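With compact mmCIF, C-alpha atoms inside, this is target-v6.txt:
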# COMPACT_ATOMS: atom_id res chain seq x y z
CA MET A 29 6.99 55.16 -38.69
CA SER A 30 6.90 55.46 -34.97
CA TRP A 31 8.15 52.72 -32.62
CA TRP A 32 4.54 51.88 -31.66
CA ARG A 33 3.61 51.50 -35.25
CA ARG A 34 6.54 49.28 -36.10
CA ASN A 35 5.85 46.93 -33.17
CA ARG A 36 2.10 46.96 -33.37
CA ILE A 37 1.72 43.23 -34.03
CA ALA A 38 3.87 42.35 -31.06
CA LEU A 39 2.00 44.84 -28.91
CA ILE A 40 -1.38 43.44 -29.91
CA ALA A 41 -0.10 39.96 -29.17
CA LEU A 42 1.07 41.09 -25.75
CA ALA A 43 -2.27 42.76 -25.07
CA VAL A 44 -3.98 39.43 -25.75
CA ILE A 45 -1.50 37.03 -24.17
CA VAL A 46 -0.80 38.75 -20.86
CA PRO A 47 -4.44 39.02 -19.69
CA LEU A 48 -5.08 35.52 -21.04
CA ALA A 49 -2.24 34.14 -18.93
CA PHE A 50 -3.68 35.72 -15.83
CA ALA A 51 -7.12 34.36 -16.69
CA ILE A 52 -5.82 30.82 -17.23
CA LEU A 53 -4.15 30.43 -13.84
CA PRO A 54 -7.32 30.76 -11.74
CA GLY A 55 -9.27 28.99 -14.49
CA VAL A 56 -7.05 25.91 -14.19
CA GLN A 57 -7.48 26.03 -10.45
CA ILE A 58 -11.27 26.06 -10.78
CA LEU A 59 -11.15 23.13 -13.22
CA ASP A 60 -8.82 21.24 -10.86
CA ASP A 61 -11.16 21.79 -7.97
CA ARG A 62 -14.02 20.43 -10.03
CA ILE A 63 -12.17 17.38 -11.33
CA TYR A 64 -10.72 16.42 -7.95
CA ALA A 65 -13.72 17.41 -5.86
CA PRO A 66 -14.69 14.63 -3.46
CA GLU A 67 -17.43 12.55 -4.99
CA ALA A 68 -20.88 12.88 -3.63
CA ASP A 69 -21.71 10.15 -1.14
CA HIS A 70 -23.26 7.32 -3.13
CA THR A 71 -23.21 4.82 -0.29
CA ILE A 72 -25.95 2.29 -0.83
CA PRO A 73 -27.98 1.68 2.36
CA PHE A 74 -27.68 -1.77 3.91
CA GLY A 75 -29.97 -4.35 2.34
CA GLU A 76 -30.72 -2.36 -0.81
CA PRO A 77 -29.72 -3.79 -4.20
CA ALA A 78 -27.51 -1.92 -6.67
CA GLU A 79 -26.85 -2.66 -10.31
CA ALA A 80 -23.63 -2.61 -12.38
CA LEU A 81 -23.05 -4.05 -15.87
CA GLY A 82 -26.20 -6.14 -15.54
CA PHE A 83 -25.25 -7.63 -12.18
CA THR A 84 -27.55 -6.87 -9.25
CA VAL A 85 -25.65 -6.83 -5.96
CA THR A 86 -27.16 -6.94 -2.46
CA VAL A 87 -25.30 -7.02 0.85
CA GLU A 88 -27.57 -9.30 2.86
CA GLN A 89 -25.88 -9.85 6.20
CA THR A 90 -22.81 -8.42 7.94
CA VAL A 91 -21.23 -9.38 11.26
CA ASP A 92 -18.45 -8.08 13.48
CA ALA A 93 -17.06 -11.22 15.09
CA ARG A 94 -14.69 -11.08 18.06
CA GLU A 95 -14.61 -14.65 19.33
CA GLY A 96 -11.79 -16.93 18.24
CA VAL A 97 -10.13 -14.20 16.24
CA PRO A 98 -6.30 -14.18 16.39
CA ALA A 99 -4.62 -11.52 18.56
CA ASP A 100 -7.93 -10.11 19.86
CA MET A 101 -8.64 -8.42 16.56
CA SER A 102 -11.95 -8.42 14.72
CA VAL A 103 -13.41 -10.26 11.77
CA VAL A 104 -15.87 -8.50 9.51
CA ALA A 105 -17.79 -11.07 7.50
CA MET A 106 -20.64 -10.58 5.08
CA LEU A 107 -22.99 -12.37 2.74
CA VAL A 108 -23.32 -10.73 -0.66
CA HIS A 109 -25.97 -11.94 -3.09
CA VAL A 110 -25.37 -11.28 -6.79
CA GLU A 111 -28.03 -11.82 -9.44
CA LEU A 112 -26.27 -12.61 -12.71
CA PRO A 113 -27.08 -11.22 -16.14
CA GLN A 114 -28.38 -13.86 -18.56
CA GLY A 115 -26.91 -14.63 -21.95
CA VAL A 116 -23.39 -13.43 -21.21
CA ALA A 117 -20.14 -15.34 -20.65
CA LEU A 118 -19.40 -15.01 -16.96
CA ASP A 119 -15.71 -15.59 -17.66
CA ASP A 120 -15.64 -12.17 -19.31
CA TYR A 121 -16.24 -10.39 -16.00
CA GLN A 122 -14.15 -9.94 -12.93
CA CYS A 123 -14.82 -8.33 -9.60
CA THR A 124 -13.08 -7.08 -6.50
CA ALA A 125 -14.53 -6.76 -3.00
CA VAL A 126 -12.56 -4.45 -0.74
CA LEU A 127 -13.45 -3.35 2.77
CA THR A 128 -12.55 0.30 3.36
CA ASP A 129 -12.67 2.89 6.10
CA ASP A 130 -11.33 6.43 6.52
CA GLY A 131 -8.51 5.42 8.86
CA PRO A 132 -8.01 6.60 12.41
CA GLY A 133 -7.26 10.29 12.79
CA GLY A 134 -7.38 11.09 9.10
CA THR A 135 -4.44 8.88 8.09
CA GLY A 136 -6.17 8.24 4.78
CA GLU A 137 -8.52 5.62 3.45
CA ARG A 138 -7.55 2.12 4.52
CA SER A 139 -8.45 -0.93 2.48
CA TRP A 140 -8.51 -4.63 3.25
CA ASP A 141 -8.55 -7.45 0.76
CA VAL A 142 -10.45 -10.62 1.52
CA TRP A 143 -8.61 -12.58 4.22
CA ARG A 144 -7.11 -15.60 2.47
CA GLU A 145 -6.26 -17.39 5.72
CA ALA A 146 -9.79 -17.19 7.14
CA GLY A 147 -10.59 -20.85 6.46
CA ALA A 148 -7.28 -22.01 7.95
CA ALA A 149 -7.91 -19.79 10.98
CA GLY A 150 -11.22 -21.56 11.56
CA TRP A 151 -13.83 -19.25 10.06
CA PRO A 152 -17.04 -21.34 9.71
CA TYR A 153 -17.89 -20.68 6.08
CA GLN A 154 -21.45 -21.45 5.11
CA ASP A 155 -22.21 -24.06 2.48
CA ASP A 156 -22.48 -23.01 -1.13
CA THR A 157 -20.83 -19.64 -0.76
CA GLU A 158 -17.88 -18.38 -2.77
CA GLN A 159 -15.03 -16.98 -0.67
CA PHE A 160 -13.36 -14.78 -3.27
CA CYS A 161 -14.76 -12.38 -5.81
CA HIS A 162 -15.01 -13.98 -9.23
CA PHE A 163 -17.72 -15.06 -11.63
CA GLY A 164 -16.12 -17.74 -13.79
CA ASN A 165 -15.00 -21.22 -12.70
CA LEU A 166 -17.04 -21.44 -9.52
CA VAL A 167 -15.62 -24.15 -7.27
CA ASP A 168 -17.45 -23.86 -3.95
CA VAL A 169 -21.02 -23.89 -5.22
CA GLU A 170 -22.87 -27.13 -5.85
CA ASP A 171 -25.76 -27.14 -8.27
CA PHE A 172 -24.89 -23.73 -9.68
CA ASP A 173 -27.95 -22.75 -11.73
CA GLY A 174 -26.50 -19.71 -13.46
CA THR A 175 -28.88 -17.17 -12.00
CA SER A 176 -27.12 -16.01 -8.85
CA ILE A 177 -24.05 -16.38 -6.64
CA ASP A 178 -23.74 -15.94 -2.88
CA PHE A 179 -20.38 -14.63 -1.75
CA GLU A 180 -19.12 -14.84 1.80
CA PHE A 181 -16.36 -12.26 2.22
CA VAL A 182 -14.28 -12.30 5.39
CA TYR A 183 -11.90 -9.52 6.45
CA TYR A 184 -9.41 -9.48 9.31
CA VAL A 185 -9.32 -5.98 10.81
CA PRO A 186 -8.51 -4.04 13.99
CA PRO A 187 -11.36 -3.82 16.51
CA GLY A 188 -13.70 -0.90 15.95
CA THR A 189 -13.34 -0.92 12.16
CA TYR A 190 -16.83 -2.26 11.50
CA ASP A 191 -18.75 0.84 12.50
CA GLN A 192 -17.01 3.08 9.95
CA ALA A 193 -16.43 0.52 7.23
CA THR A 194 -18.04 0.16 3.81
CA LEU A 195 -17.74 -2.51 1.13
CA GLU A 196 -16.40 -1.41 -2.27
CA PHE A 197 -17.61 -3.89 -4.85
CA ALA A 198 -16.27 -3.37 -8.37
CA ILE A 199 -17.21 -5.26 -11.53
CA SER A 200 -15.38 -4.92 -14.83
CA GLU A 201 -15.19 -6.70 -18.14
CA PHE A 202 -12.20 -8.92 -18.56
CA ASP A 203 -10.56 -10.53 -21.57
CA ILE A 204 -8.93 -13.74 -20.37
CA ASP A 205 -7.02 -14.17 -23.66
CA ALA A 206 -5.33 -10.82 -23.10
CA PHE A 207 -4.39 -11.63 -19.52
CA GLY A 208 -1.30 -9.74 -18.44
CA THR A 209 -1.52 -7.12 -21.17
CA ASP A 210 -2.94 -3.62 -21.16
CA GLU A 211 -5.98 -4.83 -23.07
CA ALA A 212 -7.02 -7.35 -20.40
CA SER A 213 -9.39 -4.91 -18.75
CA SER A 214 -11.69 -4.01 -21.56
CA GLY A 215 -15.02 -2.27 -21.48
CA PRO A 216 -16.07 0.80 -19.58
CA ILE A 217 -14.44 1.75 -16.31
CA ILE A 218 -17.23 2.13 -13.80
CA PRO A 219 -16.72 3.28 -10.23
CA PRO A 220 -17.13 0.61 -7.57
CA LEU A 221 -20.44 0.24 -5.78
CA ARG A 222 -20.08 1.37 -2.18
CA PHE A 223 -22.27 -0.50 0.29
CA ALA A 224 -23.03 0.39 3.89
CA LEU A 225 -22.81 -2.44 6.42
CA ASP A 226 -25.57 -3.25 8.88
CA TYR A 227 -24.66 -0.64 11.49
CA ASP A 228 -27.87 -1.29 13.45
CA ARG A 229 -27.02 -4.93 13.67
CA PRO A 230 -28.06 -7.11 16.58
CA PRO A 231 -25.24 -8.05 18.98
CA ASP A 232 -22.54 -10.34 17.57
CA PRO A 233 -24.04 -13.85 17.39
CA ASN A 234 -20.66 -15.39 18.29
CA GLY A 235 -19.82 -13.14 21.17
CA MET B 17 38.38 52.02 -29.30
CA ARG B 18 34.75 52.42 -28.45
CA ARG B 19 33.97 49.35 -30.48
CA GLY B 20 36.54 47.33 -28.55
CA VAL B 21 34.94 48.30 -25.24
CA ARG B 22 31.56 47.26 -26.49
CA ARG B 23 32.81 43.91 -27.66
CA ALA B 24 34.54 43.28 -24.37
CA ALA B 25 31.35 44.15 -22.52
CA SER B 26 29.35 41.69 -24.67
CA ILE B 27 31.85 38.93 -24.05
CA ALA B 28 31.79 39.59 -20.33
CA ALA B 29 28.00 39.63 -20.27
CA ALA B 30 27.81 36.35 -22.21
CA ALA B 31 30.35 34.74 -19.93
CA ALA B 32 28.40 35.92 -16.90
CA LEU B 33 25.18 34.44 -18.30
CA VAL B 34 26.86 31.11 -19.03
CA ALA B 35 28.29 31.04 -15.53
CA ALA B 36 24.91 31.91 -14.03
CA ALA B 37 23.25 29.14 -16.06
CA GLY B 38 25.88 26.69 -14.85
CA ALA B 39 25.27 27.73 -11.27
CA ILE B 40 21.53 27.19 -11.64
CA VAL B 41 22.04 23.75 -13.17
CA ALA B 42 24.42 22.83 -10.36
CA ALA B 43 21.97 24.05 -7.72
CA THR B 44 18.93 22.30 -9.21
CA PRO B 45 18.21 19.03 -7.43
CA GLY B 46 18.33 15.99 -9.71
CA ASP B 47 15.83 13.12 -9.79
CA ASP B 48 17.83 11.32 -7.10
CA GLN B 49 17.22 14.17 -4.69
CA VAL B 50 13.68 15.02 -5.73
CA PHE B 51 12.49 11.42 -5.47
CA GLU B 52 14.46 10.45 -2.40
CA VAL B 53 12.56 9.04 0.54
CA LEU B 54 12.09 11.18 3.64
CA ARG B 55 13.77 9.36 6.49
CA VAL B 56 12.35 8.91 9.95
CA ASP B 57 15.53 8.03 11.85
CA GLY B 58 15.70 6.05 15.08
CA ALA B 59 17.51 3.35 17.01
CA VAL B 60 16.81 -0.30 17.85
CA GLY B 61 13.75 -0.53 20.10
CA GLU B 62 12.22 2.74 18.90
CA ARG B 63 8.82 2.76 17.23
CA LEU B 64 9.27 4.73 14.00
CA VAL B 65 6.20 6.06 12.23
CA GLY B 66 6.15 6.57 8.47
CA ARG B 67 3.07 7.61 6.54
CA VAL B 68 2.20 4.10 5.39
CA GLN B 69 4.11 1.87 7.81
CA THR B 70 5.32 1.90 11.39
CA ALA B 71 8.37 -0.21 12.21
CA THR B 72 10.21 -1.27 15.36
CA VAL B 73 13.40 -3.31 15.24
CA THR B 74 13.57 -5.26 18.49
CA GLY B 75 16.85 -7.12 18.01
CA VAL B 76 19.76 -7.74 15.63
CA GLU B 77 22.23 -10.59 15.38
CA LEU B 78 25.01 -11.83 13.10
CA ALA B 79 25.51 -15.51 12.32
CA ASP B 80 27.42 -17.94 10.11
CA THR B 81 24.38 -20.03 9.24
CA LEU B 82 20.67 -19.46 9.03
CA ARG B 83 18.12 -22.01 10.18
CA PHE B 84 14.42 -21.86 9.44
CA GLY B 85 12.39 -22.53 12.57
CA TYR B 86 9.70 -24.11 10.41
CA ALA B 87 9.42 -25.82 6.99
CA GLY B 88 11.58 -28.72 8.20
CA GLY B 89 14.31 -26.62 9.79
CA THR B 90 16.44 -26.20 6.68
CA VAL B 91 19.89 -24.69 7.32
CA VAL B 92 21.36 -22.19 4.84
CA GLU B 93 25.11 -21.59 4.69
CA THR B 94 26.91 -18.57 3.29
CA GLU B 95 30.46 -17.56 2.37
CA GLY B 96 29.65 -14.28 4.04
CA VAL B 97 27.70 -13.58 7.16
CA TRP B 98 23.99 -13.39 7.95
CA LEU B 99 22.42 -10.38 9.58
CA VAL B 100 19.04 -11.15 11.12
CA ALA B 101 16.82 -8.36 12.45
CA ASP B 102 13.58 -8.90 14.37
CA ILE B 103 11.08 -6.36 13.13
CA THR B 104 7.53 -5.43 14.14
CA VAL B 105 5.47 -3.70 11.49
CA VAL B 106 2.02 -2.16 11.09
CA ASP B 107 0.76 -1.33 7.62
CA ARG B 108 -1.29 1.80 8.16
CA ILE B 109 -3.26 2.11 4.91
CA GLU B 110 -3.01 -0.99 2.75
CA SER B 111 -1.30 -4.36 2.81
CA LEU B 112 2.39 -3.91 1.96
CA SER B 113 5.41 -6.15 1.63
CA LEU B 114 8.81 -6.01 3.33
CA THR B 115 10.46 -7.31 0.15
CA TYR B 116 12.18 -4.00 -0.60
CA VAL B 117 13.68 -3.33 2.81
CA GLN B 118 17.38 -2.49 2.38
CA LEU B 119 20.46 -2.39 4.57
CA GLU B 120 22.95 0.43 3.99
CA ILE B 121 26.53 0.09 5.23
CA GLY B 122 28.54 3.14 4.23
CA ASP B 123 27.80 3.67 0.53
CA ARG B 124 26.85 0.07 -0.09
CA VAL B 125 23.23 -1.05 -0.24
CA PHE B 126 22.19 -4.65 0.38
CA ASN B 127 18.86 -6.15 -0.54
CA LEU B 128 16.89 -8.46 1.67
CA TYR B 129 17.33 -12.24 1.52
CA ARG B 130 14.20 -13.54 -0.17
CA GLY B 131 14.83 -17.28 0.02
CA ALA B 132 12.86 -18.01 3.19
CA PRO B 133 9.70 -20.09 2.70
CA TYR B 134 6.20 -18.73 3.41
CA PRO B 135 5.07 -17.34 5.84
CA THR B 136 8.23 -15.40 6.61
CA ALA B 137 7.95 -11.67 7.35
CA THR B 138 8.78 -10.87 3.72
CA SER B 139 5.80 -12.80 2.36
CA PHE B 140 3.35 -12.33 5.21
CA GLU B 141 -0.28 -11.59 4.35
CA SER B 142 -0.47 -8.42 6.41
CA GLN B 143 -3.71 -6.59 7.21
CA PRO B 144 -3.89 -2.81 7.61
CA GLY B 145 -3.89 -1.74 11.25
CA ILE B 146 -2.87 -5.17 12.59
CA PRO B 147 0.72 -5.52 13.91
CA TYR B 148 2.86 -8.44 12.87
CA ALA B 149 6.42 -9.44 13.68
CA GLY B 150 9.11 -11.67 12.29
CA PRO B 151 12.79 -11.86 11.49
CA ILE B 152 14.25 -10.62 8.21
CA ALA B 153 17.69 -11.60 6.94
CA PHE B 154 20.48 -10.06 4.88
CA GLU B 155 23.37 -12.01 3.36
CA LEU B 156 26.44 -9.79 3.69
CA PRO B 157 30.02 -10.20 2.49
CA ARG B 158 32.47 -11.11 5.25
CA GLU B 159 34.44 -7.87 4.88
CA VAL B 160 31.63 -5.75 6.34
CA LEU B 161 32.86 -7.08 9.69
CA ASP B 162 35.97 -4.90 9.22
CA ASP B 163 34.20 -1.95 7.60
CA PRO B 164 34.29 1.09 9.92
CA ALA B 165 30.89 2.09 8.49
CA ARG B 166 29.34 -0.88 10.34
CA ARG B 167 29.15 1.39 13.38
CA ASP B 168 26.19 3.09 11.70
CA ALA B 169 24.45 0.58 9.43
CA ARG B 170 20.97 1.68 8.40
CA LEU B 171 17.93 -0.54 7.90
CA VAL B 172 15.63 1.31 5.49
CA VAL B 173 12.04 0.06 5.71
CA ARG B 174 10.87 0.96 2.22
CA TYR B 175 8.03 -0.77 0.42
CA VAL B 176 9.00 0.03 -3.19
CA PRO B 177 12.52 0.00 -4.64
CA ASP B 178 12.91 3.69 -5.45
CA GLY B 179 11.41 6.71 -7.15
CA ILE B 180 9.01 7.74 -4.42
CA VAL B 181 8.62 10.65 -2.08
CA GLU B 182 7.51 8.92 1.08
CA THR B 183 8.37 8.91 4.77
CA VAL B 184 10.06 5.63 5.66
CA PRO B 185 11.43 4.34 8.96
CA VAL B 186 15.24 4.11 9.06
CA VAL B 187 16.70 2.10 11.94
CA HIS B 188 20.35 2.80 12.80
CA LEU B 189 22.27 -0.32 13.84
CA ASP B 190 25.68 -0.51 15.50
CA LEU B 191 27.23 -3.77 14.31
CA THR B 192 30.61 -3.28 16.06
CA ASP B 193 29.65 -4.95 19.32
CA LEU B 194 27.94 -7.98 17.80
CA GLU B 195 29.57 -11.40 18.03
CA VAL B 196 29.07 -13.65 15.02
CA GLU B 197 26.99 -16.53 16.32
CA ALA B 198 27.20 -20.03 14.87
CA ARG B 199 23.52 -20.02 13.92
CA ALA B 200 20.56 -17.67 13.78
CA ASP B 201 16.97 -18.86 13.69
CA LEU B 202 14.57 -17.44 11.14
CA ASP B 203 11.07 -18.06 12.47
CA GLU B 204 7.66 -17.58 10.95
CA ALA B 205 6.09 -14.16 10.99
CA ARG B 206 3.03 -13.87 13.20
CA THR B 207 0.29 -11.47 14.16
CA LEU B 208 0.70 -9.59 17.44
CA THR B 209 -1.75 -7.98 19.84
CA PHE B 210 -1.40 -4.22 20.23
CA ASP B 211 0.13 -4.80 23.68
CA GLU B 212 2.78 -7.17 22.36
CA ALA B 213 3.62 -4.78 19.55
CA GLY B 214 3.76 -1.67 21.75
CA GLU B 215 1.22 -0.07 19.44
CA PRO B 216 -1.65 2.14 20.58
CA ALA B 217 -4.93 0.23 20.34
CA PRO B 218 -7.62 1.82 18.16
CA VAL B 219 -10.31 3.82 19.92
CA GLU B 220 -13.57 1.95 19.71
CA PRO B 221 -17.05 3.39 19.75
CA ASP B 222 -18.58 3.07 23.24
CA ASP B 223 -21.20 0.59 22.20
CA ALA B 224 -19.20 -1.69 19.95
CA ALA B 225 -21.99 -4.25 19.77
CA GLY B 226 -24.89 -1.79 19.77
CA SER B 227 -26.22 0.62 17.26
CA GLY B 228 -23.99 2.93 15.28
CA SER B 229 -24.94 5.73 12.99

Just dump the structure as structure tokens.
Amino acid sequence: MSWWRRNRIALIALAVIVPLAFAILPGVQILDDRIYAPEADHTIPFGEPAEALGFTVTVEQTVDAREGVPADMSVVAMLVHVELPQGVALDDYQCTAVLTDDGPGGTGERSWDVWREAGAAGWPYQDDTEQFCHFGNLVDVEDFDGTSIDFEFVYYVPPGTYDQATLEFAISEFDIDAFGTDEASSGPIIPPLRFALDYDRPPDPNG
Amino acid sequence: MRRGVRRAASIAAAAALVAAAGAIVAATPGDDQVFEVLRVDGAVGERLVGRVQTATVTGVELADTLRFGYAGGTVVETEGVWLVADITVVDRIESLSLTYVQLEIGDRVFNLYRGAPYPTATSFESQPGIPYAGPIAFELPREVLDDPARRDARLVVRYVPDGIVETVPVVHLDLTDLEVEARADLDEARTLTFDEAGEPAPVEPDDAAGSGS
């Protein structure tokens, strides 16, 4: 028996494995590129409604306020109207509302949470608006009729942020009994809705 | 005879392989090196730019007692000595905390004093892109005052305890010339204008109030 004959199984295996290895490397790269490709721009134009988990969300008014803002910065404030689904327990849902932009000079996406000190700093909140994103246990709304909520989100940002900023509004199901555990966020993970602000806005009413 | 040569050669080859393996293991960086922060070194008064935070230490003092300049002016004593550093920070991407800032003196690492009431610099509600400033404090044992390593103490402005590859500002402090004061004041943190902070102001679109695209 020749050497080739004796090692034929190993040789066949080599003949399969070596080309396969070379095929996998670029294949993985192609898959990677697909998985991590930047998402198509799904920014919802200003004033148009968008739907997630039965909630219909509309950004109704946005302002870039400069007057009376600490340290000559800027306040981005907005009214967001949410039509609620009927026949569900609102306590089972949670939401986040984050203002984002691409950062100056490509430093990476920046994100701002709702400014907790806005009221203390003198922001004139409207009546019957909620200041933080949540659906259960509404405290700032009188005569809540269960059909809709108006949020008034206020962000404290550097000047010039408004014109590149978008609102990322995310809704997810939430199990209050499992709070603090891995099971707390139940239900499907859906990407946040990304809303454009009113870039063609009239001049700042305060300034 | 021939067999003996062969055996000796095998033993030598095996020993060489083991030695080579040992050398590779010794040369391979461990987790501590792989996940060490990348330091942006500078001195007091320099604006140091990390990927996620910029930091400027504007002053350092040592003191026997610490007094809060707010919240009723409580005074905190220590068996050791307080180090108070005035720091100006900009979070560049998202809101971060100064809770994990550390002070290195020689091989020893000290964590920040976290007892100050809100809104101290360690609990400040920072906003990305907006500078803020405030004092931070470290409670140090008295013997650091005699430690030769105090000539090059290092304030490491990190925002998580460890296990990250990230550029972080590292401010080198010379503690040898500092007198220990009777009292240092720990004031509230506050927002600064770009001018006050020595930070470049963002470039605004020409028509900030007009139409954008």

If you take all atoms listed in the file and a cut-off of 8 Å, which residues of chain A touch chain B, and what are their nearest atom pairs and distances in Å to one decimal, in chain and number order, as a Markdown table?
| residue | atom | partner | partner_atom | distance |
| --- | --- | --- | --- | --- |
| A:Pro98 | CA | B:Thr207 | CA | 7.5 |
| A:Ala99 | CA | B:Thr209 | CA | 4.7 |
| A:Asp100 | CA | B:Thr209 | CA | 6.5 |
| A:Met101 | CA | B:Thr209 | CA | 7.6 |
| A:Gly131 | CA | B:Ile109 | CA | 7.4 |
| A:Pro132 | CA | B:Pro218 | CA | 7.5 |
| A:Thr135 | CA | B:Ile109 | CA | 7.6 |
| A:Gly136 | CA | B:Ile109 | CA | 6.8 |
| A:Glu137 | CA | B:Ile109 | CA | 6.5 |
| A:Arg138 | CA | B:Ile109 | CA | 4.3 |
| A:Ser139 | CA | B:Glu110 | CA | 5.4 |
| A:Trp140 | CA | B:Gln143 | CA | 6.5 |
| A:Tyr184 | CA | B:Gln143 | CA | 6.7 |
| A:Val185 | CA | B:Gln143 | CA | 6.7 |
| A:Pro186 | CA | B:Gly145 | CA | 5.8 |
| A:Pro187 | CA | B:Glu220 | CA | 7.0 |
| A:Gly188 | CA | B:Glu220 | CA | 4.7 |
| A:Asp191 | CA | B:Gly228 | CA | 6.3 |
| A:Tyr227 | CA | B:Gly228 | CA | 5.2 |
| A:Asp228 | CA | B:Ser227 | CA | 4.6 |
| A:Arg229 | CA | B:Ser227 | CA | 6.7 |
| A:Pro230 | CA | B:Gly226 | CA | 7.0 |
| A:Pro231 | CA | B:Ala225 | CA | 5.1 |
| A:Asp232 | CA | B:Ala225 | CA | 6.5 |

Discussion item. Between atom CA of B:Val176 and atom CA of B:Thr74, what is the distance in Å, rounded to a tenth?
Written reply: 22.8 Å

Item to complete: Write out as a list in words each polymer residue whose atoms come within 8 Å of stretch 76-90 of chain A, counting all atoms listed in the file; drop sequence neighbours fewer than 3 positions from it.
Response: Ile72, Pro73, Val104, Ala105, Met106, Leu107, Val108, His109, Val110, Glu111, Leu112, Pro113, Ile199, Ser200, Leu221, Phe223, Leu225, Asp226 and Arg229 of chain A

Discussion item. With all atoms listed in the file as the counted atoms, please give the residues lying no more than 6 Å from A:Asp120, apart from itself and same-chain residues fewer than 3 positions off, as an NGL selection string.
Written reply: :A and (117 or 201-203)

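Near A:Glu170, within a cut-off of 9 Å and counting all atoms listed in the file, sit the residues Asp155, Asp156, Leu166, Val167 and Asp173 of chain A, with same-chain residues fewer than 3 positions away left out.
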
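As for atom CA of A:Phe172 and atom CA of A:Cys123, they are spaced 18.4 Å apart.
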
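Atom CA of A:Gln192 is positioned 7.4 Å from atom CA of A:Asp130.
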
Worksheet item: Within 12 Å of B:Asp163, counting all atoms listed in the file, which residues qualify if same-chain residues fewer than 5 places away don't, as a ChimeraX atom specification?
Response: /B:121-124,156-158,168-169,190-192

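Between B:Val173 and the residues B:Val50, B:Leu114, B:Val92, B:Val34, the shortest atom-to-atom distance, using only C-alpha atoms, involves B:Leu114.
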
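For the residues B:Val106, B:Ala213, B:Ala25, B:Val56, ranking by smallest atom-to-atom distance to B:Val172 using all atoms listed in the file places B:Val56 first.
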
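Using all atoms listed in the file for every distance, the candidate list B:Gly131, B:Gly20, B:Gly46, B:Gly38 yields B:Gly131 as the residue closest to B:Val91.
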
Worksheet item: Which polymer residues, protein or nucleic acid, are no farther than 7 Å from (13.0, -3.6, 17.4), counting all atoms listed in the file, as a list in words?
Response: Val60, Gly61, Glu62, Thr72, Val73, Thr74, Gly75, Asp102, Ile103 and Thr104 of chain B

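The residue that comes closest to B:Tyr86, out of B:Val196, B:Ala28, B:Pro135, B:Val184 and on the basis of only C-alpha atoms, is B:Pro135.
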
Discussion item. List as a PyMOL selection string the residues having at least one atom at most 7 Å from position (-20.4, 3.2, -0.2) as given in the file, counting all atoms listed in the file.
Written reply: chain A and resi 70-72+194-196+221-224
